[in-house]
Amino acid sequence: MSTARQDIARLAAALAAGLLFGLGLAVSGMVNPAKVLGFLDIFGHWDPSLAGVMATAIPVTAVFYRLAARRPAALTGRPLPPSPARPIDRRLVAGALLFGVGWGAVGFCPGPAIEALVLDGRAWIFVGAMAAGMLGSKCWSRRSSIRAHDAGTEGDA
Amino acid sequence: MELLTTPAVSPVLHGLSRGALGGVLIGVAAGLLMLANGRLAGLSGLFAGLLGGRSATWKEDLLFLAGLPLGALAFRFLLGGEMHLTLTSSPLLLLGGGLLVGFGTRLGGGCTSGHAVCGLARLSPRSLVATLLFMVAAMATVAAGKLL
């Protein structure tokens, strides 16, 4: 059951959260690939800023998650997602490694790349290729095995 | 305080404090999305979900993603923040990097936001493994790129 008021609250919360997330990426400089590459360049002029981002983002998120977990449902009535029950498998390992190579090659991960769409035209090339890669992954997963079936629906995030 | 303003130290501290401030905003954003809507702020998952057509949550997911560029514009035009984007112009890198990020995040079930922020915040062993692996792979890629 979801009332019209809950629907509106949900849309408003999503937009507010997106705005805050985008603001966070801008304030921290993480929307700039050069800044991210500076963090990844551990053998060069190392820029620890990304570690600073994680040092606060993770605990702040964790506090909210604790608050949410105490409730029977989210504030707008939606059930809270269950903990991921999937194992650490080859898909996770291969996927994380491939993502890491792409991230290190350009300095964009999905969030900053989407944010940069209004800042730099070249971000459209990256995001377009990213969408193609995601669709490709979906097709490949469907074909590869039965185990891919549950992974194809929704991952951890 | 002199130490803080020493040129050699202050850029690092400045970066860290700006990073920490941005991290708080990101944490509040991810936390709000869960507390209010019961949604994980995993950007690769949300983006891929929208590519898959109209789900039950497509409107709110689209609004969340639209908030990202709006956040950048708010930072620049409302807060007067400075933003410099230094990005490769190589189409090969942009296309190849984008493909790998798209394919890899879906195969591995998350990206920096989904695994490193949301996953670690809920102490997911899967996310810890994924985060360590993509960090190491990315650092190795940057190191390899400098050798080429």
# chains A, B, ... in the order shown; residues from 1 in each chain; ligands from 1
call {"tool": "residues_around", "arguments": {"residues": "Lys35 (chain A)", "least_positions_apart": "5", "cutoff": "9 Å", "atoms": "only C-alpha atoms", "output": "PyMOL selection string"}}
result
(chain A and resi 29-30+40+47+49-50+107) or (chain B and resi 85-86)
call {"tool": "residues_around", "arguments": {"residues": "Ala17 (chain A)", "least_positions_apart": "2", "cutoff": "10 Å", "atoms": "only C-alpha atoms", "output": "ChimeraX atom specification"}}
result
/A:11-15,19-23 /B:25-34,36,41,63-65,67-68,71
call {"tool": "residues_around", "arguments": {"residues": "region 69-80 of chain A", "least_positions_apart": "3", "cutoff": "12 Å", "atoms": "only C-alpha atoms", "output": "VMD selection string"}}
result
(chain A and resid 1 to 14 62 to 66 83) or (chain B and resid 31 to 40 56 to 57 122)
call {"tool": "residues_around", "arguments": {"residues": "Gly44 (chain A)", "least_positions_apart": "3", "cutoff": "10 Å", "atoms": "only C-alpha atoms", "output": "list of chain:residue names"}}
result
A:Gly38, A:Phe39, A:Leu40, A:Asp41, A:Asp47, B:Val142, B:Ala143, B:Lys146
call {"tool": "closest_residue", "arguments": {"among": "B:Ser55, B:Leu132, B:Leu148, B:Leu99", "to": "chain A", "atoms": "only C-alpha atoms"}}
result
B:Leu99
